[in-house]
file coords-v4.txt (compact mmCIF, C-alpha atoms and all ligand atoms)
# COMPACT_ATOMS: atom_id res chain seq x y z
CA MET H 1 -9.18 17.90 -17.67
CA LEU H 2 -9.06 14.12 -18.14
CA ALA H 3 -9.80 11.79 -15.23
CA LEU H 4 -10.24 8.06 -14.80
CA THR H 5 -13.62 7.64 -13.09
CA VAL H 6 -15.95 4.89 -11.90
CA THR H 7 -19.52 4.81 -10.68
CA PRO H 8 -18.93 3.02 -7.36
CA ARG H 9 -20.65 -0.37 -6.99
CA VAL H 10 -21.33 -0.49 -10.76
CA PRO H 11 -19.00 -3.04 -12.40
CA LYS H 12 -17.26 -2.03 -15.65
CA SER H 13 -18.24 1.63 -15.21
CA ILE H 14 -14.62 2.79 -15.50
CA ARG H 15 -14.09 5.56 -18.09
CA LEU H 16 -11.46 8.13 -19.06
CA VAL H 17 -13.58 11.28 -19.28
CA GLU H 18 -13.41 15.07 -19.25
CA VAL H 19 -14.27 16.46 -15.81
CA SER H 20 -14.24 19.99 -14.43
CA GLU H 21 -11.09 21.46 -12.86
CA PRO H 22 -10.51 20.55 -9.16
CA LEU H 23 -12.58 22.62 -6.74
CA LYS H 24 -10.77 25.37 -4.79
CA GLU H 25 -12.53 24.16 -1.64
CA ASN H 26 -10.39 20.98 -1.77
CA GLY H 27 -7.31 23.00 -0.84
CA PRO H 28 -4.97 25.79 -1.90
CA VAL H 29 -2.29 23.50 -3.37
CA LEU H 30 -2.76 22.59 -7.04
CA VAL H 31 -0.87 19.47 -8.11
CA LYS H 32 -0.19 18.16 -11.62
CA THR H 33 -0.32 14.35 -11.60
CA LEU H 34 2.74 12.59 -13.04
CA SER H 35 2.05 8.89 -12.42
CA VAL H 36 -0.48 6.74 -10.60
CA GLY H 37 0.04 3.15 -9.43
CA ILE H 38 -2.72 0.56 -9.73
CA CYS H 39 -3.34 -1.92 -6.91
CA GLY H 40 -5.77 -4.62 -5.80
CA THR H 41 -8.10 -2.06 -4.19
CA ASP H 42 -8.49 -0.34 -7.59
CA PHE H 43 -9.41 -3.69 -9.15
CA GLU H 44 -12.06 -4.23 -6.46
CA ILE H 45 -13.50 -0.75 -7.09
CA VAL H 46 -13.51 -1.30 -10.87
CA ASP H 47 -15.26 -4.65 -10.31
CA GLY H 48 -18.00 -2.81 -8.37
CA LYS H 49 -17.18 -4.51 -5.05
CA TYR H 50 -15.94 -1.47 -3.16
CA GLY H 51 -15.74 2.33 -3.25
CA GLU H 52 -17.86 5.35 -2.41
CA ALA H 53 -18.31 8.57 -4.41
CA PRO H 54 -17.86 11.98 -2.73
CA PRO H 55 -21.10 13.43 -1.27
CA HIS H 56 -23.64 14.54 -3.92
CA GLN H 57 -21.50 13.07 -6.71
CA ARG H 58 -22.22 10.01 -8.84
CA HIS H 59 -18.65 9.38 -9.96
CA LEU H 60 -15.45 8.75 -8.09
CA ILE H 61 -12.07 9.65 -9.58
CA LEU H 62 -9.84 6.61 -9.08
CA GLY H 63 -6.23 6.48 -7.90
CA HIS H 64 -4.58 6.61 -4.49
CA GLU H 65 -0.90 5.89 -5.29
CA ALA H 66 0.41 8.97 -7.04
CA ILE H 67 3.37 11.23 -7.55
CA GLY H 68 2.70 14.78 -8.72
CA GLU H 69 4.33 18.17 -9.22
CA ILE H 70 3.06 21.30 -7.50
CA LEU H 71 1.69 23.98 -9.84
CA GLU H 72 0.39 26.43 -7.19
CA ALA H 73 0.95 26.70 -3.43
CA PRO H 74 0.25 29.46 -0.89
CA SER H 75 3.31 31.65 -0.28
CA LYS H 76 3.34 30.81 3.46
CA SER H 77 3.26 27.05 2.83
CA PRO H 78 6.46 24.94 3.07
CA LEU H 79 5.66 23.69 -0.46
CA SER H 80 6.57 25.55 -3.67
CA PRO H 81 5.70 25.20 -7.35
CA GLY H 82 7.92 22.54 -8.94
CA ASP H 83 8.16 20.42 -5.75
CA LEU H 84 7.19 16.77 -6.05
CA VAL H 85 4.58 15.41 -3.65
CA THR H 86 2.54 12.35 -2.80
CA GLY H 87 -0.98 12.85 -1.47
CA ILE H 88 -1.81 11.05 1.77
CA VAL H 89 -4.71 8.70 1.03
CA ARG H 90 -6.74 8.97 4.23
CA HIS H 91 -8.14 12.21 5.64
CA PRO H 92 -9.10 12.33 9.32
CA ASP H 93 -12.76 11.98 10.24
CA PRO H 94 -14.58 15.29 10.92
CA VAL H 95 -15.65 14.47 14.51
CA PRO H 96 -12.66 13.78 15.12
CA CYS H 97 -12.12 10.53 17.05
CA SER H 98 -9.31 10.34 19.60
CA ASN H 99 -6.84 8.96 17.04
CA CYS H 100 -7.71 11.30 14.16
CA GLU H 101 -7.43 14.20 16.59
CA VAL H 102 -3.72 13.48 17.06
CA GLY H 103 -2.91 12.66 13.41
CA GLU H 104 -3.19 8.88 13.81
CA TRP H 105 -6.01 8.59 11.26
CA ASP H 106 -4.71 5.20 10.14
CA MET H 107 -6.18 3.98 13.46
CA CYS H 108 -9.50 5.88 13.10
CA GLN H 109 -12.01 4.64 15.66
CA ASN H 110 -15.32 5.68 14.13
CA GLY H 111 -14.83 4.79 10.45
CA LEU H 112 -15.93 8.27 9.30
CA TYR H 113 -12.59 8.99 7.61
CA THR H 114 -12.44 9.59 3.84
CA GLU H 115 -9.90 8.18 1.40
CA HIS H 116 -8.78 9.60 -1.97
CA GLY H 117 -9.95 7.37 -4.79
CA ILE H 118 -11.60 4.89 -2.41
CA LYS H 119 -14.06 6.30 0.10
CA GLY H 120 -15.96 9.56 -0.27
CA ARG H 121 -13.12 11.61 -1.81
CA ASP H 122 -11.86 11.89 -5.40
CA GLY H 123 -8.57 10.17 -6.16
CA PHE H 124 -5.44 11.35 -7.93
CA CYS H 125 -5.97 9.76 -11.37
CA SER H 126 -6.77 13.08 -13.04
CA GLU H 127 -4.54 15.61 -14.77
CA ARG H 128 -4.69 17.89 -11.72
CA TYR H 129 -5.99 17.78 -8.15
CA ARG H 130 -6.16 20.14 -5.17
CA CYS H 131 -5.24 19.39 -1.56
CA THR H 132 -4.28 21.03 1.72
CA PRO H 133 -0.52 21.22 2.49
CA ASP H 134 -0.80 19.05 5.63
CA LEU H 135 -1.96 16.06 3.57
CA LEU H 136 0.85 16.24 1.01
CA ILE H 137 4.28 14.66 1.54
CA PRO H 138 7.35 16.15 -0.18
CA VAL H 139 9.19 13.62 -2.36
CA SER H 140 12.78 14.01 -3.55
CA PRO H 141 13.24 14.60 -7.32
CA LYS H 142 15.39 11.43 -7.27
CA LEU H 143 12.14 9.46 -6.81
CA ARG H 144 10.32 11.15 -9.71
CA ARG H 145 9.86 7.95 -11.75
CA VAL H 146 9.17 5.66 -8.77
CA GLY H 147 7.17 8.01 -6.53
CA ALA H 148 4.00 6.00 -7.15
CA LEU H 149 5.56 3.41 -4.79
CA VAL H 150 5.53 5.79 -1.79
CA GLU H 151 1.95 4.90 -0.78
CA THR H 152 2.52 1.11 -0.78
CA THR H 153 5.77 1.63 1.14
CA SER H 154 3.98 3.82 3.72
CA VAL H 155 1.63 0.92 4.54
CA LEU H 156 4.64 -1.30 5.21
CA ALA H 157 6.42 1.45 7.16
CA LYS H 158 3.43 1.42 9.51
CA ALA H 159 3.42 -2.39 9.68
CA TRP H 160 7.12 -2.43 10.61
CA GLU H 161 6.65 0.34 13.19
CA HIS H 162 3.88 -1.65 14.88
CA ILE H 163 5.88 -4.91 14.74
CA GLU H 164 8.73 -3.15 16.53
CA ARG H 165 6.40 -1.61 19.11
CA ILE H 166 4.89 -5.02 19.87
CA GLY H 167 8.36 -6.57 19.99
CA SER H 168 9.42 -4.09 22.65
CA ARG H 169 7.05 -5.78 25.17
CA ALA H 170 10.10 -7.89 26.17
CA ARG H 171 13.78 -8.19 25.34
CA TRP H 172 13.58 -9.17 21.68
CA LYS H 173 16.29 -9.57 19.08
CA PRO H 174 14.61 -10.81 15.90
CA SER H 175 16.82 -12.24 13.17
CA LYS H 176 14.58 -13.97 10.61
CA VAL H 177 11.64 -12.56 8.69
CA LEU H 178 9.26 -14.51 6.48
CA ILE H 179 7.22 -12.61 3.92
CA THR H 180 4.46 -14.42 2.06
CA GLY H 181 3.64 -13.00 -1.36
CA ALA H 182 6.07 -11.21 -3.68
CA GLY H 183 3.73 -8.60 -5.11
CA PRO H 184 4.37 -4.90 -4.47
CA VAL H 185 3.40 -5.19 -0.78
CA GLY H 186 5.69 -8.18 -0.24
CA MET H 187 8.53 -6.49 -2.14
CA MET H 188 8.34 -3.34 0.00
CA ALA H 189 8.04 -5.46 3.19
CA ALA H 190 11.25 -7.24 2.11
CA LEU H 191 13.04 -3.97 1.30
CA LEU H 192 12.28 -2.56 4.78
CA GLY H 193 13.32 -5.88 6.39
CA VAL H 194 16.68 -5.89 4.59
CA GLN H 195 17.21 -2.24 5.53
CA ARG H 196 16.83 -3.31 9.19
CA GLY H 197 19.67 -5.81 8.79
CA LEU H 198 17.39 -8.86 9.11
CA GLU H 199 17.58 -12.18 7.24
CA VAL H 200 14.61 -11.93 4.89
CA HIS H 201 12.86 -14.91 3.28
CA VAL H 202 10.17 -14.27 0.66
CA TYR H 203 7.72 -17.00 -0.31
CA ASN H 204 5.74 -16.84 -3.54
CA ARG H 205 3.50 -19.47 -5.14
CA SER H 206 5.22 -19.33 -8.52
CA SER H 207 8.72 -18.39 -9.61
CA ASN H 208 8.01 -17.74 -13.28
CA SER H 209 8.56 -13.97 -13.17
CA PRO H 210 11.15 -11.29 -12.31
CA LYS H 211 10.27 -11.81 -8.63
CA PRO H 212 13.06 -14.29 -7.66
CA GLU H 213 15.76 -12.11 -9.19
CA LEU H 214 14.34 -8.95 -7.58
CA VAL H 215 14.24 -10.61 -4.14
CA GLN H 216 17.76 -12.00 -4.50
CA SER H 217 19.21 -8.70 -5.66
CA LEU H 218 17.94 -7.19 -2.40
CA GLY H 219 20.07 -9.73 -0.53
CA ALA H 220 16.99 -11.72 0.54
CA TYR H 221 16.06 -15.38 -0.13
CA PHE H 222 13.31 -16.35 -2.58
CA HIS H 223 11.31 -19.55 -2.03
CA THR H 224 8.55 -21.43 -3.74
CA GLY H 225 7.17 -24.94 -3.15
CA SER H 226 6.24 -26.10 0.36
CA LEU H 227 5.94 -23.24 2.85
CA GLN H 228 6.65 -25.51 5.86
CA ASP H 229 10.19 -26.33 4.74
CA ILE H 230 11.53 -22.87 4.05
CA CYS H 231 11.65 -20.84 7.24
CA PRO H 232 10.01 -22.69 10.14
CA ASP H 233 11.32 -20.39 12.89
CA ALA H 234 10.75 -16.84 11.68
CA ASP H 235 10.64 -14.22 14.44
CA ILE H 236 8.48 -12.02 12.24
CA VAL H 237 6.01 -12.97 9.52
CA ILE H 238 4.44 -10.39 7.24
CA GLU H 239 1.57 -12.11 5.44
CA CYS H 240 0.80 -10.22 2.22
CA THR H 241 -1.41 -12.64 0.25
CA GLY H 242 -4.66 -12.73 2.27
CA VAL H 243 -5.06 -16.37 1.16
CA GLY H 244 -6.85 -18.21 4.00
CA GLN H 245 -4.70 -21.34 4.04
CA MET H 246 -1.50 -19.28 3.94
CA VAL H 247 -2.71 -17.08 6.83
CA PHE H 248 -3.44 -20.19 8.90
CA ASP H 249 -0.12 -21.86 8.03
CA VAL H 250 2.06 -18.88 8.99
CA MET H 251 0.29 -18.54 12.34
CA LYS H 252 1.41 -22.08 13.18
CA MET H 253 4.96 -21.55 11.94
CA VAL H 254 6.13 -18.43 13.75
CA ALA H 255 8.89 -18.79 16.40
CA LEU H 256 8.54 -18.44 20.18
CA ASN H 257 7.61 -14.81 21.02
CA GLY H 258 7.08 -14.34 17.29
CA ILE H 259 4.86 -11.73 15.65
CA VAL H 260 2.63 -12.24 12.63
CA CYS H 261 1.49 -9.09 10.83
CA LEU H 262 -1.45 -9.64 8.50
CA ALA H 263 -1.16 -7.13 5.65
CA GLY H 264 -3.08 -8.90 2.88
CA VAL H 265 -6.81 -8.26 2.47
CA SER H 266 -8.71 -11.51 1.79
CA SER H 267 -11.56 -11.74 -0.64
CA ARG H 268 -14.74 -12.71 1.16
CA GLY H 269 -16.55 -16.02 1.19
CA ARG H 270 -14.01 -18.83 1.09
CA LYS H 271 -14.49 -21.23 4.01
CA LEU H 272 -11.61 -23.07 5.59
CA GLU H 273 -11.74 -25.87 8.13
CA ILE H 274 -9.13 -25.27 10.83
CA ASP H 275 -8.20 -26.82 14.17
CA PHE H 276 -8.60 -23.62 16.15
CA GLN H 277 -8.02 -25.30 19.54
CA SER H 278 -4.57 -26.47 18.55
CA LEU H 279 -3.76 -23.09 16.95
CA ASN H 280 -4.87 -21.30 20.12
CA ARG H 281 -2.71 -23.62 22.26
CA THR H 282 0.36 -22.79 20.13
CA LEU H 283 -0.29 -19.03 20.19
CA VAL H 284 -0.71 -18.98 23.98
CA LEU H 285 2.21 -21.24 24.85
CA ASP H 286 4.52 -19.39 22.43
CA ASN H 287 3.58 -15.81 23.43
CA ASN H 288 2.70 -15.13 19.81
CA VAL H 289 1.01 -11.98 18.56
CA ILE H 290 -1.12 -11.93 15.42
CA PHE H 291 -2.25 -8.49 14.32
CA GLY H 292 -3.71 -6.77 11.29
CA SER H 293 -2.35 -3.57 9.78
CA VAL H 294 -3.73 -1.18 7.18
CA ASN H 295 -3.20 2.36 5.93
CA ALA H 296 -0.63 4.90 7.15
CA ASN H 297 -0.35 8.33 8.71
CA ARG H 298 1.95 11.25 7.88
CA ARG H 299 4.84 9.85 9.92
CA HIS H 300 4.73 6.57 7.95
CA TYR H 301 4.77 8.42 4.61
CA LYS H 302 7.90 10.25 5.73
CA PHE H 303 9.53 6.94 6.72
CA ALA H 304 8.53 5.55 3.31
CA VAL H 305 10.19 8.40 1.40
CA GLU H 306 13.36 7.95 3.51
CA ALA H 307 13.38 4.18 2.87
CA LEU H 308 12.94 4.61 -0.89
CA LEU H 309 15.78 7.15 -0.97
CA LYS H 310 18.05 4.58 0.74
CA ALA H 311 17.06 1.91 -1.80
CA ASP H 312 18.63 1.29 -5.22
CA ILE H 313 16.52 3.40 -7.60
CA GLU H 314 17.19 0.97 -10.45
CA TRP H 315 15.73 -1.84 -8.27
CA LEU H 316 12.64 0.28 -7.56
CA GLU H 317 12.25 0.91 -11.30
CA ARG H 318 12.23 -2.87 -11.86
CA VAL H 319 9.44 -3.35 -9.28
CA ILE H 320 7.34 -1.22 -11.66
CA THR H 321 6.97 -3.95 -14.26
CA ARG H 322 4.62 -2.00 -16.56
CA ARG H 323 4.32 1.70 -17.40
CA LEU H 324 1.43 2.72 -19.60
CA PRO H 325 0.41 6.16 -20.83
CA ILE H 326 -2.97 7.18 -19.40
CA SER H 327 -4.46 6.81 -22.90
CA GLN H 328 -3.84 3.04 -22.55
CA TRP H 329 -5.56 2.75 -19.15
CA GLN H 330 -7.71 -0.15 -20.39
CA ALA H 331 -4.66 -2.41 -20.66
CA ALA H 332 -3.94 -1.79 -16.96
CA PHE H 333 -7.30 -3.29 -15.98
CA ASP H 334 -7.32 -6.19 -18.45
CA GLU H 335 -5.91 -9.57 -17.46
CA ARG H 336 -2.59 -8.93 -15.73
CA PRO H 337 0.46 -10.23 -17.61
CA LEU H 338 2.32 -13.12 -15.98
CA GLY H 339 4.91 -11.83 -13.51
CA ASP H 340 3.38 -8.36 -13.30
CA ILE H 341 4.26 -6.67 -10.01
CA LYS H 342 3.25 -3.00 -10.25
CA THR H 343 1.54 -1.23 -13.13
CA VAL H 344 1.81 2.54 -13.30
CA LEU H 345 -0.17 4.94 -15.49
CA ASP H 346 1.81 7.96 -16.70
CA PHE H 347 0.14 11.33 -17.23
CA LEU H 348 2.59 12.69 -19.81
CA LEU H 349 -0.02 14.17 -22.10
ZN ZN H 401 -11.19 8.95 13.34
call {"tool": "encode", "arguments": {"input": "coords-v4.txt", "output": "structure tokens"}}
result
Amino acid sequence: MLALTVTPRVPKSIRLVEVSEPLKENGPVLVKTLSVGICGTDFEIVDGKYGEAPPHQRHLILGHEAIGEILEAPSKSPLSPGDLVTGIVRHPDPVPCSNCEVGEWDMCQNGLYTEHGIKGRDGFCSERYRCTPDLLIPVSPKLRRVGALVETTSVLAKAWEHIERIGSRARWKPSKVLITGAGPVGMMAALLGVQRGLEVHVYNRSSNSPKPELVQSLGAYFHTGSLQDICPDADIVIECTGVGQMVFDVMKMVALNGIVCLAGVSSRGRKLEIDFQSLNRTLVLDNNVIFGSVNANRRHYKFAVEALLKADIEWLERVITRRLPISQWQAAFDERPLGDIKTVLDFLL
């Protein structure tokens, strides 16, 4: 079968190659891949900056945002051939740590977890893959064309769950949300904010793309220009860019008792001079919480599927700005076109 592979830590080693059929030891459920989304983590892996092959293997099959159709499942499993599923990216560590033991592997304490297409486990960007039923999430047929968005949405479902848990430390009635960055992460953060009945403001550096229209059609506000002027008293900020200056600026801007969730992974190495004393003074005197959030567990994937089912499917289709057949995978990793939000590779061979 065909698979998109890399040799981790070797830049430009990405290839579409013939590989052997998925090993039975990976699980009794055989899934046919329909589409795979490409994200910033894939770019880092392709650039040789990140990624780890499975044990005793040189290559890693890419892909961690996928929708697939079940070809084979054990008769006692809740899954049946023809069902659509998304594979959960992270598998619990084998020890397991206290969080993995209770299914909260997104909060793994020892770092020994594995991740499909990222860390020590083949991804989904192959014609077929095998998995265990507990690490597959059923997806409604209504989401067939947009199911590659489930994984990104699950990361935001976790972020929102944690924001709400932190908010419950006191009586808290948030009304305004600021989201920085209108890529796929920012878009899904905005969707979940609107679904909670909040006033959602999305900031993006440029407006020359479908992003403003997509944000506005959600019922949210799109902004560009100076960040300071747009939403100075947000109760919640979800920072999705990972840009150092932006991270610093939103920490200073959040309202009294406000919460800043950092969901954007920064690239390493850029130094920034900041007045940390004055930032610390503001955070303390305003009861602010700044926290990071990554990954998702089974509960968050379920929330994500529910949220996408409540959304306008046509809107979700527009978030996928580019669909390419797997044969044109190279175009997905070339320079991204202006205004690109999410690129998806389709496995309709
Ligand atoms: Zn763990």
call {"tool": "atom_distance", "arguments": {"input": "coords-v4.txt", "atom1": "CA of Leu149 in chain H", "atom2": "CA of Leu136 in chain H"}}
result
14.8 Å
call {"tool": "closest_residue", "arguments": {"input": "coords-v4.txt", "among": "H:Asp249, H:Glu127, H:Glu101, H:Glu335", "to": "Leu30 in chain H", "atoms": "all atoms listed in the file"}}
result
H:Glu127
call {"tool": "closest_residue", "arguments": {"input": "coords-v4.txt", "among": "H:Pro22, H:Gly219, H:Gly244, H:Gly117", "to": "Leu62 in chain H", "atoms": "all atoms listed in the file"}}
result
H:Gly117
call {"tool": "atom_distance", "arguments": {"input": "coords-v4.txt", "atom1": "CA of Arg299 in chain H", "atom2": "CA of Glu52 in chain H"}}
result
26.2 Å
call {"tool": "closest_residue", "arguments": {"input": "coords-v4.txt", "among": "H:Pro96, H:Gly167, H:Pro8, H:Gly225", "to": "ligand ZN 401 (chain H)", "atoms": "only C-alpha atoms and all ligand atoms"}}
result
H:Pro96
call {"tool": "closest_atom_pairs", "arguments": {"input": "coords-v4.txt", "of": "range 305-343 of chain H", "to": "range 190-199 of chain H", "cutoff": "9 Å", "atoms": "all atoms listed in the file", "output": "CSV"}}
result
residue,atom,partner,partner_atom,distance
H:Ala307,CA,H:Leu192,CA,7.1
H:Leu308,CA,H:Leu191,CA,8.9
H:Lys310,CA,H:Gln195,CA,8.4
H:Ala311,CA,H:Leu191,CA,7.8
call {"tool": "closest_residue", "arguments": {"input": "coords-v4.txt", "among": "H:Gly242, H:Pro94, H:Gly147, H:Gly87", "to": "Asn297 in chain H", "atoms": "all atoms listed in the file"}}
result
H:Gly87
call {"tool": "residues_around", "arguments": {"input": "coords-v4.txt", "residues": "Thr41 in chain H", "least_positions_apart": "6", "cutoff": "10 Å", "atoms": "all atoms listed in the file", "output": "PyMOL selection string"}}
result
chain H and resi 47+49-51+63-64+117-118+265
call {"tool": "residues_near_ligand", "arguments": {"input": "coords-v4.txt", "ligand": "ligand ZN 401 (chain H)", "cutoff": "7 Å", "atoms": "all atoms listed in the file", "output": "list of chain:residue names"}}
result
H:Pro92, H:Asp93, H:Pro96, H:Cys97, H:Ser98, H:Asn99, H:Cys100, H:Trp105, H:Cys108, H:Gln109, H:Asn110, H:Gly111, H:Leu112, H:Tyr113
call {"tool": "closest_residue", "arguments": {"input": "coords-v4.txt", "among": "H:Cys240, H:Val177, H:Met253, H:Val146", "to": "Arg318 in chain H", "atoms": "only C-alpha atoms"}}
result
H:Val146
